[in-house]
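Next comes model.tsv, with TSV, C-alpha atoms.
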chain	number	residue	atom	x	y	z
Q	1	MET	CA	-2.87	7.74	29.20
Q	2	SER	CA	-4.15	8.39	25.68
Q	3	VAL	CA	-2.69	10.45	22.87
Q	4	PRO	CA	-4.74	13.54	21.95
Q	5	ILE	CA	-6.26	13.35	18.46
Q	6	VAL	CA	-6.72	16.48	16.34
Q	7	ARG	CA	-8.52	16.53	12.99
Q	8	ARG	CA	-8.53	20.20	11.97
Q	9	VAL	CA	-5.66	22.34	10.72
Q	10	ALA	CA	-6.78	25.35	12.74
Q	11	GLN	CA	-6.70	23.41	16.02
Q	12	LEU	CA	-3.35	21.86	15.13
Q	13	ARG	CA	-1.83	25.28	14.52
Q	14	GLU	CA	-3.17	26.63	17.80
Q	15	ILE	CA	-1.47	23.80	19.68
Q	16	VAL	CA	1.78	24.20	17.77
Q	17	ALA	CA	1.76	27.96	18.40
Q	18	ALA	CA	1.46	27.32	22.14
Q	19	TRP	CA	4.38	24.90	21.99
Q	20	ARG	CA	6.39	27.51	20.12
Q	21	ARG	CA	5.75	30.07	22.84
Q	22	GLU	CA	7.24	27.57	25.29
Q	23	GLY	CA	10.34	27.29	23.10
Q	24	ALA	CA	9.67	23.67	22.17
Q	25	ARG	CA	11.43	21.86	19.33
Q	26	ILE	CA	8.81	20.01	17.28
Q	27	ALA	CA	9.07	16.81	15.24
Q	28	VAL	CA	6.63	15.16	12.86
Q	29	VAL	CA	6.36	11.51	11.85
Q	30	PRO	CA	4.13	11.25	8.75
Q	31	THR	CA	2.28	7.92	8.41
Q	32	MET	CA	-0.74	6.37	6.73
Q	33	GLY	CA	-1.57	4.42	9.86
Q	34	ALA	CA	-1.58	0.64	10.33
Q	35	LEU	CA	1.38	1.30	12.59
Q	36	HIS	CA	4.01	-1.36	13.11
Q	37	GLU	CA	7.37	-1.43	14.86
Q	38	GLY	CA	8.99	0.41	11.97
Q	39	HIS	CA	6.71	3.40	12.51
Q	40	LEU	CA	7.12	3.21	16.27
Q	41	SER	CA	10.90	3.26	15.90
Q	42	LEU	CA	10.55	6.59	14.07
Q	43	VAL	CA	8.44	7.95	16.91
Q	44	ARG	CA	11.04	6.86	19.47
Q	45	ALA	CA	13.79	8.51	17.44
Q	46	ALA	CA	11.73	11.69	17.23
Q	47	LEU	CA	11.13	11.72	20.98
Q	48	GLU	CA	14.89	11.60	21.53
Q	49	LYS	CA	15.50	14.70	19.41
Q	50	ALA	CA	12.43	16.88	19.96
Q	51	ASP	CA	10.38	18.29	22.83
Q	52	ARG	CA	7.06	17.61	21.12
Q	53	VAL	CA	6.22	14.90	18.59
Q	54	ILE	CA	3.29	14.93	16.18
Q	55	VAL	CA	2.36	11.70	14.41
Q	56	THR	CA	0.19	12.23	11.35
Q	57	LEU	CA	-2.27	9.62	10.13
Q	58	PHE	CA	-3.70	10.17	6.68
Q	59	VAL	CA	-4.37	7.54	4.02
Q	60	ASN	CA	-3.52	9.71	1.05
Q	61	PRO	CA	-5.70	8.89	-1.96
Q	62	LYS	CA	-3.41	10.80	-4.33
Q	63	GLN	CA	-0.54	8.34	-3.93
Q	64	PHE	CA	-2.50	5.19	-4.78
Q	65	ASN	CA	-2.55	3.85	-8.33
Q	66	SER	CA	-5.78	1.91	-7.99
Q	67	HIS	CA	-9.05	2.33	-6.14
Q	68	ALA	CA	-8.85	-1.31	-5.06
Q	69	ASP	CA	-5.46	-0.79	-3.42
Q	70	LEU	CA	-6.74	2.33	-1.66
Q	71	ALA	CA	-9.84	0.51	-0.45
Q	72	ALA	CA	-7.77	-2.43	0.80
Q	73	TYR	CA	-5.34	-0.32	2.80
Q	74	PRO	CA	-5.92	-1.02	6.51
Q	75	ARG	CA	-7.54	1.69	8.63
Q	76	THR	CA	-6.75	1.05	12.30
Q	77	GLU	CA	-6.86	4.43	14.01
Q	78	ASP	CA	-7.91	3.13	17.43
Q	79	ASP	CA	-5.14	0.53	17.47
Q	80	ASP	CA	-2.65	3.11	16.18
Q	81	ALA	CA	-3.54	5.56	18.95
Q	82	ALA	CA	-3.20	2.78	21.52
Q	83	LYS	CA	0.29	1.96	20.26
Q	84	LEU	CA	1.38	5.60	20.39
Q	85	ALA	CA	0.12	6.36	23.90
Q	86	PRO	CA	2.75	4.44	25.91
Q	87	LEU	CA	5.56	5.90	23.81
Q	88	GLY	CA	4.68	9.42	24.87
Q	89	ALA	CA	3.76	10.89	21.48
Q	90	HIS	CA	2.21	14.29	22.11
Q	91	LEU	CA	-0.36	14.49	19.32
Q	92	LEU	CA	-2.00	12.37	16.64
Q	93	TYR	CA	-3.07	14.50	13.70
Q	94	ALA	CA	-5.70	12.51	11.78
Q	95	PRO	CA	-7.45	14.78	9.27
Q	96	ASP	CA	-10.09	13.61	6.83
Q	97	SER	CA	-9.64	13.96	3.08
Q	98	ILE	CA	-11.53	17.25	2.77
Q	99	GLU	CA	-9.29	18.83	5.41
Q	100	ILE	CA	-6.23	18.05	3.28
Q	101	TYR	CA	-7.75	18.49	-0.17
Q	102	GLN	CA	-10.31	21.25	0.12
Q	103	GLU	CA	-12.99	21.67	-2.52
Q	104	GLY	CA	-11.38	22.92	-5.71
Q	105	PHE	CA	-7.89	21.75	-4.71
Q	106	ALA	CA	-5.76	22.18	-7.83
Q	107	THR	CA	-2.08	22.12	-6.83
Q	108	THR	CA	0.40	19.29	-7.34
Q	109	VAL	CA	4.02	19.17	-6.20
Q	110	SER	CA	6.27	17.37	-8.67
Q	111	VAL	CA	9.93	16.54	-8.01
Q	112	ASN	CA	12.01	15.63	-11.05
Q	113	GLY	CA	15.12	13.49	-11.03
Q	114	VAL	CA	14.84	11.40	-7.88
Q	115	SER	CA	11.22	10.48	-8.68
Q	116	GLU	CA	12.16	8.99	-12.05
Q	117	GLY	CA	12.59	5.26	-12.55
Q	118	LEU	CA	12.35	2.64	-9.79
Q	119	CYS	CA	8.90	2.96	-8.16
Q	120	GLY	CA	8.25	6.09	-10.20
Q	121	ALA	CA	8.25	4.04	-13.40
Q	122	PHE	CA	5.70	1.54	-12.11
Q	123	ARG	CA	3.45	3.82	-10.06
Q	124	PRO	CA	2.60	6.84	-12.24
Q	125	GLY	CA	1.51	9.83	-10.17
Q	126	HIS	CA	2.50	8.17	-6.90
Q	127	PHE	CA	5.36	10.48	-6.04
Q	128	GLU	CA	3.42	13.58	-7.01
Q	129	GLY	CA	0.86	12.45	-4.45
Q	130	VAL	CA	3.56	11.85	-1.84
Q	131	ALA	CA	5.30	15.18	-2.42
Q	132	THR	CA	2.04	17.12	-2.36
Q	133	VAL	CA	0.72	15.67	0.88
Q	134	VAL	CA	4.09	15.75	2.66
Q	135	ALA	CA	4.58	19.41	1.70
Q	136	LYS	CA	1.15	20.15	3.15
Q	137	LEU	CA	1.88	18.23	6.36
Q	138	PHE	CA	5.18	20.06	6.80
Q	139	LEU	CA	3.45	23.41	6.40
Q	140	GLN	CA	0.48	22.47	8.57
Q	141	THR	CA	2.57	21.15	11.47
Q	142	GLY	CA	5.38	23.71	11.19
Q	143	ALA	CA	7.73	21.04	12.52
Q	144	ASP	CA	11.50	21.48	12.87
Q	145	LEU	CA	12.27	17.81	12.20
Q	146	ALA	CA	10.64	15.07	10.13
Q	147	PHE	CA	11.45	11.37	10.48
Q	148	PHE	CA	11.34	8.91	7.58
Q	149	GLY	CA	12.41	5.28	7.28
Q	150	GLU	CA	15.09	4.22	4.81
Q	151	LYS	CA	12.98	1.28	3.58
Q	152	ASP	CA	11.19	3.68	1.23
Q	153	PHE	CA	14.52	5.10	0.11
Q	154	GLN	CA	13.31	6.76	-3.08
Q	155	GLN	CA	10.56	8.46	-1.09
Q	156	LEU	CA	13.11	9.62	1.48
Q	157	GLN	CA	15.29	11.22	-1.19
Q	158	LEU	CA	12.27	12.77	-2.87
Q	159	VAL	CA	11.15	14.39	0.39
Q	160	ARG	CA	14.65	15.69	1.04
Q	161	ARG	CA	14.85	17.26	-2.42
Q	162	MET	CA	11.35	18.72	-2.18
Q	163	ALA	CA	12.00	20.38	1.19
Q	164	ARG	CA	15.33	21.76	0.01
Q	165	ASP	CA	14.01	23.06	-3.31
Q	166	LEU	CA	10.96	24.73	-1.74
Q	167	ASP	CA	12.95	26.21	1.18
Q	168	ILE	CA	10.76	24.50	3.75
Q	169	PRO	CA	12.63	25.02	7.04
Q	170	ILE	CA	12.64	21.42	8.24
Q	171	ASN	CA	15.38	18.88	8.83
Q	172	ILE	CA	14.71	15.44	7.30
Q	173	VAL	CA	16.01	12.70	9.59
Q	174	PRO	CA	16.52	9.25	7.99
Q	175	CYS	CA	16.11	6.16	10.18
Q	176	PRO	CA	17.34	2.63	9.45
Q	177	THR	CA	14.97	0.00	8.06
Q	178	VAL	CA	13.43	-2.12	10.81
Q	179	ARG	CA	13.33	-5.83	10.02
Q	180	GLU	CA	11.91	-9.05	11.33
Q	181	PRO	CA	14.46	-11.47	12.82
Q	182	ASP	CA	14.57	-13.29	9.48
Q	183	GLY	CA	15.39	-10.08	7.58
Q	184	LEU	CA	12.02	-9.16	6.09
Q	185	ALA	CA	11.57	-5.38	6.09
Q	186	LEU	CA	8.55	-4.35	8.14
Q	187	SER	CA	5.65	-3.08	6.06
Q	188	SER	CA	1.93	-2.61	6.55
Q	189	ARG	CA	1.49	-4.75	3.42
Q	190	ASN	CA	3.15	-7.80	5.01
Q	191	VAL	CA	-0.18	-8.78	6.58
Q	192	ARG	CA	-1.41	-9.64	3.08
Q	193	LEU	CA	1.14	-12.44	2.70
Q	194	SER	CA	-0.11	-16.00	3.05
Q	195	SER	CA	1.75	-18.29	5.44
Q	196	SER	CA	3.67	-19.89	2.57
Q	197	GLU	CA	4.49	-16.49	1.03
Q	198	ARG	CA	5.69	-15.26	4.40
Q	199	GLN	CA	8.28	-18.06	4.39
Q	200	VAL	CA	9.55	-16.93	0.99
Q	201	ALA	CA	9.46	-13.18	1.60
Q	202	PRO	CA	12.79	-12.83	3.51
Q	203	ARG	CA	14.71	-14.16	0.51
Q	204	LEU	CA	14.45	-10.73	-1.14
Q	205	ALA	CA	16.48	-9.06	1.60
Q	206	ALA	CA	18.95	-11.94	1.74
Q	207	ILE	CA	19.58	-11.89	-2.01
Q	208	LEU	CA	19.98	-8.11	-2.02
Q	209	SER	CA	22.47	-8.32	0.82
Q	210	GLU	CA	24.46	-11.03	-0.93
Q	211	ALA	CA	24.55	-9.06	-4.19
Q	212	ALA	CA	25.54	-5.86	-2.39
Q	213	ALA	CA	28.44	-7.64	-0.70
Q	214	ARG	CA	29.65	-9.00	-4.04
Q	215	ILE	CA	29.45	-5.62	-5.76
Q	216	ALA	CA	31.25	-3.92	-2.88
Q	217	GLY	CA	33.92	-6.59	-3.19
Q	218	GLY	CA	34.51	-5.78	-6.85
Q	219	ALA	CA	32.16	-8.14	-8.74
Q	220	PRO	CA	30.81	-6.86	-12.08
Q	221	VAL	CA	27.60	-4.93	-11.47
Q	222	GLU	CA	25.42	-6.12	-14.36
Q	223	ALA	CA	26.38	-9.78	-14.03
Q	224	THR	CA	25.74	-9.66	-10.30
Q	225	LEU	CA	22.34	-8.03	-10.79
Q	226	ASP	CA	21.37	-10.62	-13.40
Q	227	GLU	CA	22.24	-13.41	-10.99
Q	228	ALA	CA	20.30	-11.72	-8.21
Q	229	ARG	CA	17.23	-11.37	-10.44
Q	230	SER	CA	17.40	-15.05	-11.26
Q	231	ALA	CA	17.71	-15.92	-7.57
Q	232	ILE	CA	14.69	-13.76	-6.66
Q	233	ALA	CA	12.60	-15.46	-9.33
Q	234	ALA	CA	13.79	-18.89	-8.25
Q	235	ALA	CA	12.84	-18.09	-4.66
Q	236	GLY	CA	9.20	-17.75	-5.73
Q	237	TYR	CA	8.68	-14.10	-6.57
Q	238	ALA	CA	6.30	-13.96	-9.53
Q	239	ARG	CA	7.41	-10.67	-11.05
Q	240	ILE	CA	10.41	-8.42	-10.53
Q	241	GLU	CA	9.65	-4.80	-11.30
Q	242	TYR	CA	13.19	-3.59	-10.82
Q	243	LEU	CA	16.53	-4.41	-9.26
Q	244	GLU	CA	18.99	-1.58	-9.75
Q	245	LEU	CA	22.15	-0.03	-8.39
Q	246	ARG	CA	21.64	3.68	-7.74
Q	247	ALA	CA	23.80	6.40	-6.23
Q	248	GLU	CA	22.77	7.04	-2.66
Q	249	ASP	CA	22.71	10.83	-2.81
Q	250	ASP	CA	20.82	11.51	-6.05
Q	251	LEU	CA	19.61	8.04	-7.13
Q	252	ALA	CA	21.48	8.27	-10.44
Q	253	PRO	CA	21.83	4.87	-12.17
Q	254	MET	CA	25.27	3.29	-11.73
Q	255	GLN	CA	27.15	0.73	-13.79
Q	256	THR	CA	30.28	0.83	-11.64
Q	257	LEU	CA	30.66	1.35	-7.92
Q	258	ASN	CA	32.51	4.63	-7.49
Q	259	ARG	CA	30.57	6.25	-4.65
Q	260	PRO	CA	28.16	5.18	-1.90
Q	261	ALA	CA	25.16	3.44	-3.45
Q	262	ARG	CA	21.97	1.53	-2.77
Q	263	LEU	CA	20.72	-1.66	-4.29
Q	264	LEU	CA	16.96	-1.22	-4.64
Q	265	ALA	CA	14.31	-3.75	-5.63
Q	266	ALA	CA	10.57	-4.20	-6.00
Q	267	ALA	CA	8.96	-7.57	-6.65
Q	268	TRP	CA	5.57	-9.24	-6.38
Q	269	LEU	CA	4.94	-12.20	-4.12
Q	270	GLY	CA	1.47	-13.42	-4.95
Q	271	GLU	CA	-0.76	-10.35	-4.79
Q	272	THR	CA	1.63	-8.37	-2.58
Q	273	ARG	CA	4.20	-5.91	-3.84
Q	274	LEU	CA	7.32	-5.76	-1.66
Q	275	ILE	CA	10.13	-3.23	-1.85
Q	276	ASP	CA	13.51	-3.23	-0.16
Q	277	ASN	CA	16.98	-1.76	-0.43
Q	278	VAL	CA	20.41	-2.26	1.06
Q	279	GLU	CA	23.49	-0.10	1.32
Q	280	VAL	CA	26.41	-0.71	-1.05
Q	281	PRO	CA	29.27	1.37	0.35
Q	282	SER	CA	32.17	2.25	-1.92
Q	283	ARG	CA	34.58	0.94	0.72
Q	284	PRO	CA	34.87	-2.88	0.47
Q	285	GLY	CA	33.91	-4.79	3.59
Q	286	ALA	CA	31.60	-2.09	4.98
Q	287	ILE	CA	28.25	-3.74	4.18
Q	288	THR	CA	25.44	-3.08	6.64
Q	289	ARG	CA	23.70	-6.32	7.54
Q	290	THR	CA	19.99	-6.59	6.75
Q	291	ALA	CA	19.04	-8.84	9.65
Q	292	ALA	CA	19.88	-9.10	13.31

Produce structure tokens that represent the structure in this file.
Amino acid sequence: MSVPIVRRVAQLREIVAAWRREGARIAVVPTMGALHEGHLSLVRAALEKADRVIVTLFVNPKQFNSHADLAAYPRTEDDDAAKLAPLGAHLLYAPDSIEIYQEGFATTVSVNGVSEGLCGAFRPGHFEGVATVVAKLFLQTGADLAFFGEKDFQQLQLVRRMARDLDIPINIVPCPTVREPDGLALSSRNVRLSSSERQVAPRLAAILSEAAARIAGGAPVEATLDEARSAIAAAGYARIEYLELRAEDDLAPMQTLNRPARLLAAAWLGETRLIDNVEVPSRPGAITRTAA
């Protein structure tokens, strides 16, 4: 069995309208392809909560900061479709660029607050690109539910805020980060790691988890973060873009732990940029482990 592939908005809407007439509840899982177990876990979660599941595949040029990075991003549509088929996904929506950004396209969606700092400081224009394409995908699919992984936590909060502020009638469903047995968060970029870098990569998650446990236990925030930065550098990461404690709900910077928070980091290992985050609950002893 194969998953049907649709490339035009008009055809997508015809199919969705037919599902609506049947009374179906519809979910969407937005992706840029190169599907791994993290993406597939979102699809499984969607299939549990919806009658029909649309997976979108679009490598969005507006969220890349360099042409080289865009060109290097893997395009594996055939493999992606093969991975989706046995799960029972109902539709793969894989439009080309002109279908998303028609000639003369001149609209950008910008979300203040949650887009500021963290990845927003190092990837100018990235979140405008994310918000714009996700808004379009929500409107094109007309889905009731949308599933996003917590690994890209700033993106998750941005999408939530955007949908709420624009009154888009969709429920954003967060799903836990999926990790390798050694703790490394799954990412399409992990394939770029050399064998030696792959051995080092899990240290980021481990150090974040250790720092989160210390902060939740009452350790001073800034001193703990300084130690964690030193440990990340000592592990072999060449450059740390950020390591910050942010409030979980609105991503406000925090100097003391007085409400549920996230410890978020981005660092370069060789030529690969890795991001990760872990929960820092305000209740001591309630840390969520990063690895099985």

Between atom CA of Q:Val130 and atom CA of Q:Ser2, distance in Å (one decimal):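 Interatomic distance here is 28.8 Å.
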
Output as JSON the centre and edge lengths (Å, one decimal) of the box along x, y and z of the file that holds every listed atom of stretch 231-237 of chain Q after adding 6 Å on each side.
{"center_x": 13.2, "center_y": -16.3, "center_z": -7.0, "size_x": 21.0, "size_y": 17.1, "size_z": 16.7}

Point-to-point distance in Å for atom CA of Q:Pro174 and atom CA of Q:Ala247: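 Distance reported for this atom pair: 16.2 Å.
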
Interatomic distance (Å, one decimal) between atom CA of Q:Val28 and atom CA of Q:His126: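 Pair atom CA of Q:Val28 / atom CA of Q:His126 returns 21.4 Å.
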
Distance query 12 Å from (3.6, 22.7, 2.2) using all atoms listed in the file, result as number ranges by chain: Q: 100, 107-109, 130-143, 159, 162-170

Within 10 Å of stretch 265-277 of chain Q, which residues of stretch 234-255 of chain Q show up? Give each one with its shortest atom-to-atom distance in Å (one decimal) and the two atoms involved, counting only C-alpha atoms, rows by chain then rising residue number, as a tab-separated table.
residue	atom	partner	partner_atom	distance
Q:Ala235	CA	Q:Leu269	CA	9.9
Q:Gly236	CA	Q:Leu269	CA	7.2
Q:Tyr237	CA	Q:Leu269	CA	4.9
Q:Ala238	CA	Q:Trp268	CA	5.7
Q:Arg239	CA	Q:Trp268	CA	5.2
Q:Ile240	CA	Q:Ala267	CA	4.2
Q:Glu241	CA	Q:Ala266	CA	5.4
Q:Tyr242	CA	Q:Ala265	CA	5.3
Q:Leu243	CA	Q:Ala265	CA	4.3
Q:Glu244	CA	Q:Ala265	CA	6.6
Q:Leu245	CA	Q:Ala265	CA	9.1

If you take only C-alpha atoms and a cut-off of 6 Å, which residues of stretch 29-55 of chain Q touch stretch 84-99 of chain Q, and what are their nearest atom pairs and distances in Å to one decimal, in chain and number order, as a Markdown table?
| residue | atom | partner | partner_atom | distance |
| --- | --- | --- | --- | --- |
| Q:Arg52 | CA | Q:His90 | CA | 6.0 |
| Q:Val53 | CA | Q:His90 | CA | 5.4 |
| Q:Ile54 | CA | Q:Leu91 | CA | 4.8 |
| Q:Val55 | CA | Q:Leu92 | CA | 4.9 |

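Neighbours of Q:Ala82 closer than or equal to 12 Å, with only C-alpha atoms counted and sequence neighbours fewer than 6 positions away skipped, come out as Met1, Ser2, Val3, Pro4, Ile5, Gly33, Ala34, Leu35, His36, Leu40, Thr76, Gly88, Ala89 and Leu92 of chain Q.
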
Close residues, Q:Gln63 itself excluded, 8 Å, all atoms listed in the file, min 3 positions apart in chain, as a list in words: Asn60, Gly125, His126, Phe127, Glu128, Gly129 and Val130 of chain Q

Who sits within 6 Å of stretch 146-156 of chain Q, all atoms listed in the file, same chain under 4 positions skipped, as a list in words: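 In the requested form, the answer reads Ala27, Val28, Val29, Ile172, Val173, Pro174, Cys175, Pro176, Thr177 and Asp276 of chain Q.
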
Can you write just those residues out, C-alpha atoms, as a CSV table (one decimal), in the coordinates of the input?
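Writing the result to again18.csv gives the following:
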chain,number,residue,atom,x,y,z
Q,27,ALA,CA,9.1,16.8,15.2
Q,28,VAL,CA,6.6,15.2,12.9
Q,29,VAL,CA,6.4,11.5,11.8
Q,172,ILE,CA,14.7,15.4,7.3
Q,173,VAL,CA,16.0,12.7,9.6
Q,174,PRO,CA,16.5,9.2,8.0
Q,175,CYS,CA,16.1,6.2,10.2
Q,176,PRO,CA,17.3,2.6,9.4
Q,177,THR,CA,15.0,0.0,8.1
Q,276,ASP,CA,13.5,-3.2,-0.2

Would you kindly place N, CA and C atoms on stretch 169-201 of chain Q and return the model as a compact mmCIF listing (two decimals), in the frame of the given file?
# COMPACT_ATOMS: atom_id res chain seq x y z
N PRO Q 169 11.63 25.07 5.96
CA PRO Q 169 12.63 25.02 7.04
C PRO Q 169 12.43 23.82 7.97
N ILE Q 170 12.80 22.65 7.47
CA ILE Q 170 12.64 21.42 8.24
C ILE Q 170 13.82 20.51 7.96
N ASN Q 171 14.26 19.80 8.96
CA ASN Q 171 15.38 18.88 8.83
C ASN Q 171 14.84 17.46 8.67
N ILE Q 172 15.18 16.80 7.56
CA ILE Q 172 14.71 15.44 7.30
C ILE Q 172 15.68 14.47 7.95
N VAL Q 173 15.18 13.64 8.85
CA VAL Q 173 16.01 12.70 9.59
C VAL Q 173 15.74 11.27 9.10
N PRO Q 174 16.71 10.63 8.44
CA PRO Q 174 16.52 9.25 7.99
C PRO Q 174 16.75 8.27 9.14
N CYS Q 175 15.97 7.19 9.14
CA CYS Q 175 16.11 6.16 10.18
C CYS Q 175 16.25 4.79 9.51
N PRO Q 176 17.08 3.92 10.07
CA PRO Q 176 17.34 2.63 9.45
C PRO Q 176 16.08 1.78 9.30
N THR Q 177 16.06 0.94 8.28
CA THR Q 177 14.97 0.00 8.06
C THR Q 177 14.87 -0.96 9.25
N VAL Q 178 13.66 -1.16 9.73
CA VAL Q 178 13.43 -2.12 10.81
C VAL Q 178 12.97 -3.43 10.18
N ARG Q 179 13.56 -4.53 10.64
CA ARG Q 179 13.33 -5.83 10.02
C ARG Q 179 12.89 -6.87 11.04
N GLU Q 180 12.20 -7.87 10.52
CA GLU Q 180 11.91 -9.05 11.33
C GLU Q 180 13.22 -9.80 11.59
N PRO Q 181 13.24 -10.71 12.57
CA PRO Q 181 14.46 -11.47 12.82
C PRO Q 181 14.99 -12.22 11.59
N ASP Q 182 14.11 -12.58 10.67
CA ASP Q 182 14.57 -13.29 9.48
C ASP Q 182 14.95 -12.36 8.34
N GLY Q 183 14.92 -11.04 8.57
CA GLY Q 183 15.39 -10.08 7.58
C GLY Q 183 14.32 -9.36 6.80
N LEU Q 184 13.08 -9.81 6.84
CA LEU Q 184 12.02 -9.16 6.09
C LEU Q 184 11.79 -7.74 6.62
N ALA Q 185 11.82 -6.77 5.70
CA ALA Q 185 11.57 -5.38 6.09
C ALA Q 185 10.12 -5.22 6.53
N LEU Q 186 9.91 -4.56 7.66
CA LEU Q 186 8.55 -4.35 8.14
C LEU Q 186 7.78 -3.46 7.18
N SER Q 187 6.54 -3.83 6.94
CA SER Q 187 5.65 -3.08 6.06
C SER Q 187 4.22 -3.39 6.43
N SER Q 188 3.35 -2.39 6.29
CA SER Q 188 1.93 -2.61 6.55
C SER Q 188 1.35 -3.63 5.57
N ARG Q 189 1.98 -3.81 4.43
CA ARG Q 189 1.49 -4.75 3.42
C ARG Q 189 1.85 -6.20 3.75
N ASN Q 190 2.73 -6.43 4.70
CA ASN Q 190 3.15 -7.80 5.01
C ASN Q 190 1.98 -8.66 5.51
N VAL Q 191 0.96 -8.01 6.07
CA VAL Q 191 -0.18 -8.78 6.58
C VAL Q 191 -0.94 -9.46 5.45
N ARG Q 192 -0.73 -9.03 4.22
CA ARG Q 192 -1.41 -9.64 3.08
C ARG Q 192 -0.77 -10.96 2.65
N LEU Q 193 0.44 -11.23 3.11
CA LEU Q 193 1.14 -12.44 2.70
C LEU Q 193 0.50 -13.68 3.32
N SER Q 194 0.35 -14.71 2.51
CA SER Q 194 -0.11 -16.00 3.05
C SER Q 194 1.02 -16.62 3.87
N SER Q 195 0.72 -17.66 4.60
CA SER Q 195 1.75 -18.29 5.44
C SER Q 195 2.90 -18.82 4.59
N SER Q 196 2.60 -19.38 3.43
CA SER Q 196 3.67 -19.89 2.57
C SER Q 196 4.46 -18.74 1.96
N GLU Q 197 3.79 -17.65 1.58
CA GLU Q 197 4.49 -16.49 1.03
C GLU Q 197 5.37 -15.84 2.08
N ARG Q 198 4.90 -15.86 3.32
CA ARG Q 198 5.69 -15.26 4.40
C ARG Q 198 7.01 -16.00 4.57
N GLN Q 199 7.03 -17.29 4.29
CA GLN Q 199 8.28 -18.06 4.39
C GLN Q 199 9.26 -17.67 3.28
N VAL Q 200 8.72 -17.30 2.14
CA VAL Q 200 9.55 -16.93 0.99
C VAL Q 200 10.04 -15.49 1.08
N ALA Q 201 9.23 -14.63 1.64
CA ALA Q 201 9.46 -13.18 1.60
C ALA Q 201 10.87 -12.74 2.03
